[in-house]
$ cat protein-v8.tsv   # TSV, C-alpha atoms
chain	number	residue	atom	x	y	z
A	1	PRO	CA	17.05	-98.52	-79.28
A	2	LYS	CA	18.88	-101.02	-81.45
A	3	TYR	CA	18.18	-99.14	-84.71
A	4	LYS	CA	19.76	-95.99	-83.29
A	5	ARG	CA	22.89	-97.77	-82.07
A	6	GLU	CA	23.28	-99.41	-85.47
A	7	SER	CA	23.01	-96.06	-87.28
A	8	ILE	CA	25.54	-94.44	-84.97
A	9	ASN	CA	27.97	-97.27	-85.74
A	10	THR	CA	27.22	-97.06	-89.48
A	11	ILE	CA	28.11	-93.42	-90.15
A	12	GLY	CA	31.70	-92.25	-89.90
A	13	PHE	CA	33.21	-89.81	-87.42
A	14	GLY	CA	36.53	-88.22	-88.27
A	15	HIS	CA	39.22	-85.67	-87.50
A	16	TYR	CA	39.33	-82.06	-88.71
A	17	ASN	CA	41.80	-79.70	-87.09
A	18	LYS	CA	43.02	-76.14	-87.44
A	19	ILE	CA	46.01	-73.93	-86.70
A	20	ALA	CA	45.37	-70.22	-86.20
A	21	LEU	CA	48.36	-67.87	-86.51
A	22	ALA	CA	48.08	-64.26	-85.31
A	23	PHE	CA	50.65	-61.79	-86.68
A	24	PRO	CA	51.62	-58.25	-85.66
A	25	TYR	CA	50.39	-56.95	-89.06
A	26	ARG	CA	49.07	-58.14	-92.42
A	27	PHE	CA	52.00	-59.02	-94.68
A	28	TRP	CA	50.12	-60.98	-97.35
A	29	ASP	CA	48.70	-59.68	-100.59
A	30	GLU	CA	45.07	-58.74	-100.95
A	31	LEU	CA	43.31	-61.45	-102.95
A	32	PRO	CA	40.43	-59.83	-104.84
A	33	GLY	CA	37.16	-61.40	-103.81
A	34	ASP	CA	38.83	-64.29	-101.98
A	35	ASP	CA	39.29	-65.03	-98.31
A	36	PHE	CA	40.83	-68.48	-98.96
A	37	TRP	CA	44.23	-69.38	-100.32
A	38	GLY	CA	45.93	-72.73	-100.67
A	39	VAL	CA	49.16	-74.58	-101.24
A	40	ALA	CA	49.33	-77.63	-103.51
A	41	ALA	CA	52.13	-79.98	-102.51
A	42	SER	CA	53.14	-83.60	-102.02
A	43	PRO	CA	51.79	-85.49	-98.98
A	44	LYS	CA	55.42	-85.89	-97.94
A	45	ASP	CA	55.82	-82.13	-97.60
A	46	ARG	CA	55.18	-80.00	-94.54
A	47	LEU	CA	51.79	-80.21	-92.83
A	48	GLY	CA	50.76	-83.23	-94.86
A	49	GLY	CA	50.99	-81.59	-98.28
A	50	SER	CA	48.14	-79.59	-99.80
A	51	ILE	CA	46.81	-76.97	-97.39
A	52	LEU	CA	43.76	-74.73	-97.28
A	53	ALA	CA	44.08	-71.45	-95.40
A	54	VAL	CA	41.65	-68.65	-94.54
A	55	ASP	CA	42.28	-64.92	-94.25
A	56	LEU	CA	40.21	-64.77	-91.07
A	57	GLY	CA	39.90	-60.99	-90.98
A	58	LYS	CA	38.58	-60.81	-94.51
A	59	ALA	CA	36.23	-63.76	-93.96
A	60	HIS	CA	34.84	-62.07	-90.86
A	61	MET	CA	34.41	-58.80	-92.73
A	62	LYS	CA	32.47	-60.56	-95.53
A	63	SER	CA	30.10	-61.99	-92.92
A	64	GLY	CA	29.35	-58.54	-91.50
A	65	GLY	CA	32.18	-57.98	-89.03
A	66	VAL	CA	32.90	-54.27	-88.55
A	67	GLY	CA	36.55	-53.22	-88.72
A	68	ALA	CA	37.73	-56.79	-89.18
A	69	LYS	CA	39.48	-56.39	-92.55
A	70	ASP	CA	42.89	-55.68	-91.04
A	71	VAL	CA	42.80	-58.49	-88.46
A	72	PRO	CA	46.12	-60.27	-89.19
A	73	ILE	CA	45.13	-63.90	-88.63
A	74	ILE	CA	45.67	-66.88	-90.92
A	75	LEU	CA	43.66	-70.03	-90.21
A	76	MET	CA	45.03	-73.28	-91.63
A	77	ILE	CA	42.63	-76.21	-92.04
A	78	PHE	CA	43.52	-79.91	-92.04
A	79	GLY	CA	41.48	-83.01	-92.77
A	80	GLY	CA	42.23	-86.63	-93.56
A	81	SER	CA	45.10	-88.56	-92.05
A	82	TYR	CA	47.19	-85.50	-91.23
A	83	ALA	CA	44.43	-84.08	-89.04
A	84	LYS	CA	44.80	-87.19	-86.92
A	85	ASN	CA	48.60	-87.37	-87.07
A	86	MET	CA	49.07	-83.76	-85.97
A	87	GLU	CA	47.42	-84.50	-82.64
A	88	SER	CA	50.53	-86.42	-81.56
A	89	MET	CA	52.85	-83.55	-82.51
A	90	SER	CA	53.93	-80.73	-80.19
A	91	ASP	CA	52.85	-77.11	-80.65
A	92	GLU	CA	56.45	-76.21	-81.45
A	93	GLU	CA	56.64	-78.77	-84.27
A	94	LEU	CA	53.33	-77.71	-85.76
A	95	ILE	CA	53.97	-73.97	-85.62
A	96	GLY	CA	57.43	-74.50	-87.07
A	97	GLU	CA	56.01	-76.42	-90.04
A	98	ALA	CA	53.16	-73.93	-90.46
A	99	MET	CA	55.56	-70.98	-90.58
A	100	GLU	CA	57.74	-72.79	-93.09
A	101	VAL	CA	54.70	-73.17	-95.36
A	102	VAL	CA	53.61	-69.54	-94.89
A	103	ARG	CA	57.08	-68.19	-95.65
A	104	ASN	CA	57.45	-70.36	-98.75
A	105	ALA	CA	54.05	-69.17	-99.96
A	106	TRP	CA	54.45	-65.43	-99.34
A	107	GLU	CA	58.06	-64.25	-99.04
A	108	GLY	CA	58.64	-64.51	-102.81
A	109	LYS	CA	55.66	-62.22	-103.38
A	110	MET	CA	56.76	-59.50	-100.94
A	111	ASN	CA	58.66	-56.34	-101.89
A	112	LYS	CA	62.41	-56.38	-101.36
A	113	GLN	CA	62.21	-53.57	-98.82
A	114	ASP	CA	59.87	-55.61	-96.64
A	115	ASP	CA	61.27	-57.35	-93.61
A	116	GLY	CA	59.88	-60.72	-94.61
A	117	VAL	CA	57.20	-62.75	-92.87
A	118	PRO	CA	57.17	-61.90	-89.15
A	119	ASP	CA	56.92	-64.49	-86.40
A	120	PRO	CA	53.42	-65.02	-85.03
A	121	VAL	CA	52.53	-63.22	-81.81
A	122	ASP	CA	50.01	-65.89	-80.83
A	123	PHE	CA	48.58	-69.18	-82.06
A	124	VAL	CA	45.89	-71.77	-81.40
A	125	VAL	CA	46.10	-75.47	-82.31
A	126	THR	CA	43.01	-77.70	-82.14
A	127	ARG	CA	43.17	-81.40	-81.28
A	128	TRP	CA	39.54	-82.48	-81.33
A	129	GLY	CA	40.35	-86.18	-81.37
A	130	GLU	CA	42.12	-85.77	-78.03
A	131	ASP	CA	39.15	-84.01	-76.43
A	132	ARG	CA	37.58	-86.51	-74.03
A	133	TYR	CA	34.06	-85.19	-74.72
A	134	ALA	CA	34.32	-84.73	-78.50
A	135	ARG	CA	36.77	-87.48	-79.64
A	136	GLY	CA	36.64	-86.07	-83.16
A	137	SER	CA	35.22	-83.25	-85.23
A	138	PHE	CA	32.45	-84.12	-87.71
A	139	SER	CA	30.48	-87.07	-88.95
A	140	TYR	CA	30.86	-88.21	-92.54
A	141	VAL	CA	29.05	-90.64	-94.85
A	142	LYS	CA	30.97	-93.81	-95.65
A	143	PRO	CA	30.90	-95.34	-99.16
A	144	ASN	CA	27.72	-97.25	-100.03
A	145	ILE	CA	25.85	-95.82	-97.04
A	146	ASP	CA	22.64	-93.79	-97.39
A	147	GLY	CA	23.54	-90.86	-95.16
A	148	PHE	CA	20.09	-89.30	-95.49
A	149	VAL	CA	18.38	-92.38	-94.06
A	150	GLU	CA	20.92	-92.90	-91.27
A	151	ALA	CA	20.70	-89.25	-90.16
A	152	LEU	CA	16.90	-89.52	-89.95
A	153	LYS	CA	17.22	-92.62	-87.77
A	154	ILE	CA	19.65	-90.93	-85.39
A	155	ALA	CA	17.46	-87.81	-85.25
A	156	ARG	CA	14.28	-89.75	-84.41
A	157	PRO	CA	13.23	-89.00	-80.82
A	158	ILE	CA	12.53	-91.62	-78.18
A	159	PHE	CA	8.83	-91.23	-77.49
A	160	ASP	CA	6.82	-91.61	-74.31
A	161	PRO	CA	6.05	-95.36	-74.01
A	162	TYR	CA	2.78	-94.64	-72.17
A	163	ASP	CA	-0.49	-93.51	-73.71
A	164	PRO	CA	-0.50	-89.72	-73.09
A	165	VAL	CA	-4.31	-89.53	-73.18
A	166	SER	CA	-5.66	-92.49	-71.24
A	167	SER	CA	-2.91	-92.47	-68.62
A	168	LEU	CA	-3.70	-88.89	-67.57
A	169	SER	CA	-7.50	-89.08	-67.84
A	170	SER	CA	-8.17	-92.38	-66.07
A	171	ASN	CA	-5.59	-92.26	-63.29
A	172	LYS	CA	-6.01	-88.74	-61.91
A	173	GLY	CA	-2.79	-87.45	-63.42
A	174	LYS	CA	-0.71	-90.53	-62.67
A	175	ARG	CA	0.77	-92.41	-65.58
A	176	SER	CA	-0.56	-95.90	-66.23
A	177	SER	CA	1.86	-98.80	-66.58
A	178	GLN	CA	-0.19	-100.38	-69.36
A	179	ARG	CA	1.48	-100.51	-72.74
A	180	THR	CA	0.19	-101.37	-76.16
A	181	LYS	CA	1.33	-104.34	-78.23
A	182	LYS	CA	3.44	-102.31	-80.68
A	183	GLY	CA	6.86	-102.89	-79.19
A	184	GLY	CA	5.85	-101.40	-75.86
A	185	VAL	CA	5.18	-98.00	-77.43
A	186	SER	CA	1.69	-96.56	-77.60
A	187	ALA	CA	0.45	-96.10	-81.13
A	188	GLU	CA	-1.13	-92.83	-80.04
A	189	SER	CA	1.94	-91.46	-78.27
A	190	ASN	CA	3.50	-88.43	-79.93
A	191	ARG	CA	5.17	-86.92	-76.88
A	192	PRO	CA	9.00	-87.09	-77.19
A	193	MET	CA	10.92	-87.96	-74.03
A	194	ILE	CA	14.48	-87.71	-75.42
A	195	LEU	CA	15.40	-85.45	-78.35
A	196	PHE	CA	18.55	-85.66	-80.49
A	197	ALA	CA	20.32	-82.74	-82.15
A	198	GLY	CA	23.73	-82.18	-83.74
A	199	GLU	CA	25.23	-82.07	-87.22
A	200	HIS	CA	25.19	-85.87	-87.37
A	201	THR	CA	21.38	-85.80	-87.11
A	202	SER	CA	20.96	-83.37	-90.02
A	203	SER	CA	19.87	-85.07	-93.22
A	204	VAL	CA	20.13	-81.73	-95.07
A	205	TYR	CA	23.33	-80.12	-93.72
A	206	PRO	CA	25.50	-82.89	-92.20
A	207	SER	CA	29.11	-82.26	-91.17
A	208	THR	CA	28.55	-78.51	-90.77
A	209	ILE	CA	28.16	-76.01	-87.94
A	210	HIS	CA	24.96	-74.62	-89.46
A	211	GLY	CA	23.65	-78.18	-89.65
A	212	ALA	CA	24.11	-78.50	-85.90
A	213	TYR	CA	22.47	-75.10	-85.33
A	214	VAL	CA	19.43	-75.86	-87.47
A	215	SER	CA	19.02	-79.27	-85.83
A	216	GLY	CA	18.59	-77.46	-82.51
A	217	ILE	CA	15.82	-75.34	-84.05
A	218	ARG	CA	14.27	-78.52	-85.44
A	219	GLU	CA	14.12	-80.23	-82.05
A	220	ALA	CA	12.89	-77.08	-80.28
A	221	THR	CA	10.08	-76.94	-82.85
A	222	ARG	CA	9.29	-80.61	-82.29
A	223	LEU	CA	9.13	-80.09	-78.53
A	224	ASP	CA	6.96	-76.99	-78.87
A	225	LEU	CA	4.47	-78.83	-81.08
A	226	SER	CA	4.30	-81.80	-78.73
A	227	LEU	CA	3.66	-79.65	-75.65
A	228	GLU	CA	1.14	-77.24	-77.16
A	229	PRO	CA	-0.29	-78.95	-80.26
A	230	ALA	CA	-3.60	-77.07	-80.09
A	231	MET	CA	-1.82	-73.69	-80.22
A	232	ASN	CA	0.14	-74.45	-83.39
A	233	SER	CA	-1.19	-74.40	-86.93
A	234	TYR	CA	1.02	-77.03	-88.58
A	235	GLU	CA	2.25	-80.54	-87.95
A	236	PHE	CA	5.91	-81.34	-87.50
A	237	ASP	CA	7.95	-82.51	-90.45
A	238	ASN	CA	11.58	-81.92	-91.45
A	239	LYS	CA	10.71	-80.08	-94.65
A	240	THR	CA	8.62	-77.48	-92.81
A	241	VAL	CA	11.41	-76.81	-90.32
A	242	TYR	CA	14.19	-76.57	-92.92
A	243	ASP	CA	12.09	-74.40	-95.25
A	244	ARG	CA	11.58	-71.93	-92.43
A	245	THR	CA	15.27	-71.77	-91.59

$ encode --input "protein-v8.tsv" --output "structure tokens"
Amino acid sequence: PKYKRESINTIGFGHYNKIALAFPYRFWDELPGDDFWGVAASPKDRLGGSILAVDLGKAHMKSGGVGAKDVPIILMIFGGSYAKNMESMSDEELIGEAMEVVRNAWEGKMNKQDDGVPDPVDFVVTRWGEDRYARGSFSYVKPNIDGFVEALKIARPIFDPYDPVSSLSSNKGKRSSQRTKKGGVSAESNRPMILFAGEHTSSVYPSTIHGAYVSGIREATRLDLSLEPAMNSYEFDNKTVYDRT
């Protein structure tokens, strides 16, 4: 539908990449209560300037991971223009810059008897903009755009254009080709034919992984209610779904 194409073109879709560095052991200080640390710098500095990093082991432990506290992995997160620029750089360039940042951040805080920051034993670099199926990472709301309204438009299903009652009752199970005058869509039709999920369809949690997850629950609920309406005790609406999740 035209309204859906227009909404897709209205919202933004950008780059958001990460570098994960695995080390032979944890060399960094314990940060009380924190699993994030950052570096404030000029955009002309390494890795595009200011950097946000995650102590992945500690973050996993806080979310319930057993025995994850000592996992020696640092995850660096990049948005904005650098997230796009890094996709044209080699792994060697990126890991070299990342290690320069890590050593500048931590070697001055280590004891003199320590051997310094070790080289990583493994790494992962994401390039979501180069992925032929993703072509980016997350949606975002552009200035002067009502993201709530646009997300609702993109999330709206495409409904069955035939009357679900008369077509099955008067034609022995075969669908009738008659359509109503309301844009070719039956006013009584509430049976979705195509459902849309993903973080970009979430008016409550856009640009997040949990937004994508909950949108799947939302559409599963919508489908369940459309297939077995007599067996369910409530009508579909976004608020009901999001309150329950």

$ atom_distance --input "protein-v8.tsv" --atom1 "CA of Gly129 (chain A)" --atom2 "CA of Glu87 (chain A)"
7.4 Å

$ closest_residue --input "protein-v8.tsv" --among "A:Thr10, A:Val101, A:Pro1, A:Phe138" --to "Ala40 (chain A)" --atoms "all atoms listed in the file"
A:Val101

$ closest_residue --input "protein-v8.tsv" --among "A:Pro143, A:Gly96, A:Gly216, A:Gly108" --to "Ala155 (chain A)" --atoms "all atoms listed in the file"
A:Gly216

$ residues_near_point --input "protein-v8.tsv" --point "(23.5, -87.2, -91.4)" --cutoff "8 Å" --atoms "only C-alpha atoms" --output "PyMOL selection string"
chain A and resi 11+139-141+147-152+199-207

$ residues_around --input "protein-v8.tsv" --residues "Val39 (chain A)" --least-positions-apart "6" --cutoff "9 Å" --atoms "all atoms listed in the file" --output "short mmCIF file (atom, residue, chain, number, x, y, z; two decimals) with C-alpha atoms, in the coordinates of the input"
data_model
loop_
_atom_site.label_atom_id
_atom_site.label_comp_id
_atom_site.auth_asym_id
_atom_site.auth_seq_id
_atom_site.Cartn_x
_atom_site.Cartn_y
_atom_site.Cartn_z
CA GLY A 49 50.99 -81.59 -98.28
CA SER A 50 48.14 -79.59 -99.80
CA ILE A 51 46.81 -76.97 -97.39
CA LEU A 52 43.76 -74.73 -97.28
CA ALA A 53 44.08 -71.45 -95.40
CA VAL A 101 54.70 -73.17 -95.36
CA ALA A 105 54.05 -69.17 -99.96
#

$ closest_residue --input "protein-v8.tsv" --among "A:Ile8, A:Val125, A:Met86, A:Leu225" --to "Asp237 (chain A)" --atoms "all atoms listed in the file"
A:Leu225

$ closest_residue --input "protein-v8.tsv" --among "A:Tyr82, A:Tyr3, A:Pro120, A:Ile77" --to "Pro24 (chain A)" --atoms "all atoms listed in the file"
A:Pro120

$ atom_distance --input "protein-v8.tsv" --atom1 "CA of Arg218 (chain A)" --atom2 "CA of Lys142 (chain A)"
24.8 Å

$ atom_distance --input "protein-v8.tsv" --atom1 "CA of Gly116 (chain A)" --atom2 "CA of Pro72 (chain A)"
14.8 Å

$ residues_around --input "protein-v8.tsv" --residues "Ser81 (chain A)" --least-positions-apart "2" --cutoff "10 Å" --atoms "all atoms listed in the file" --output "ChimeraX atom specification"
/A:14-16,48,78-79,83-86
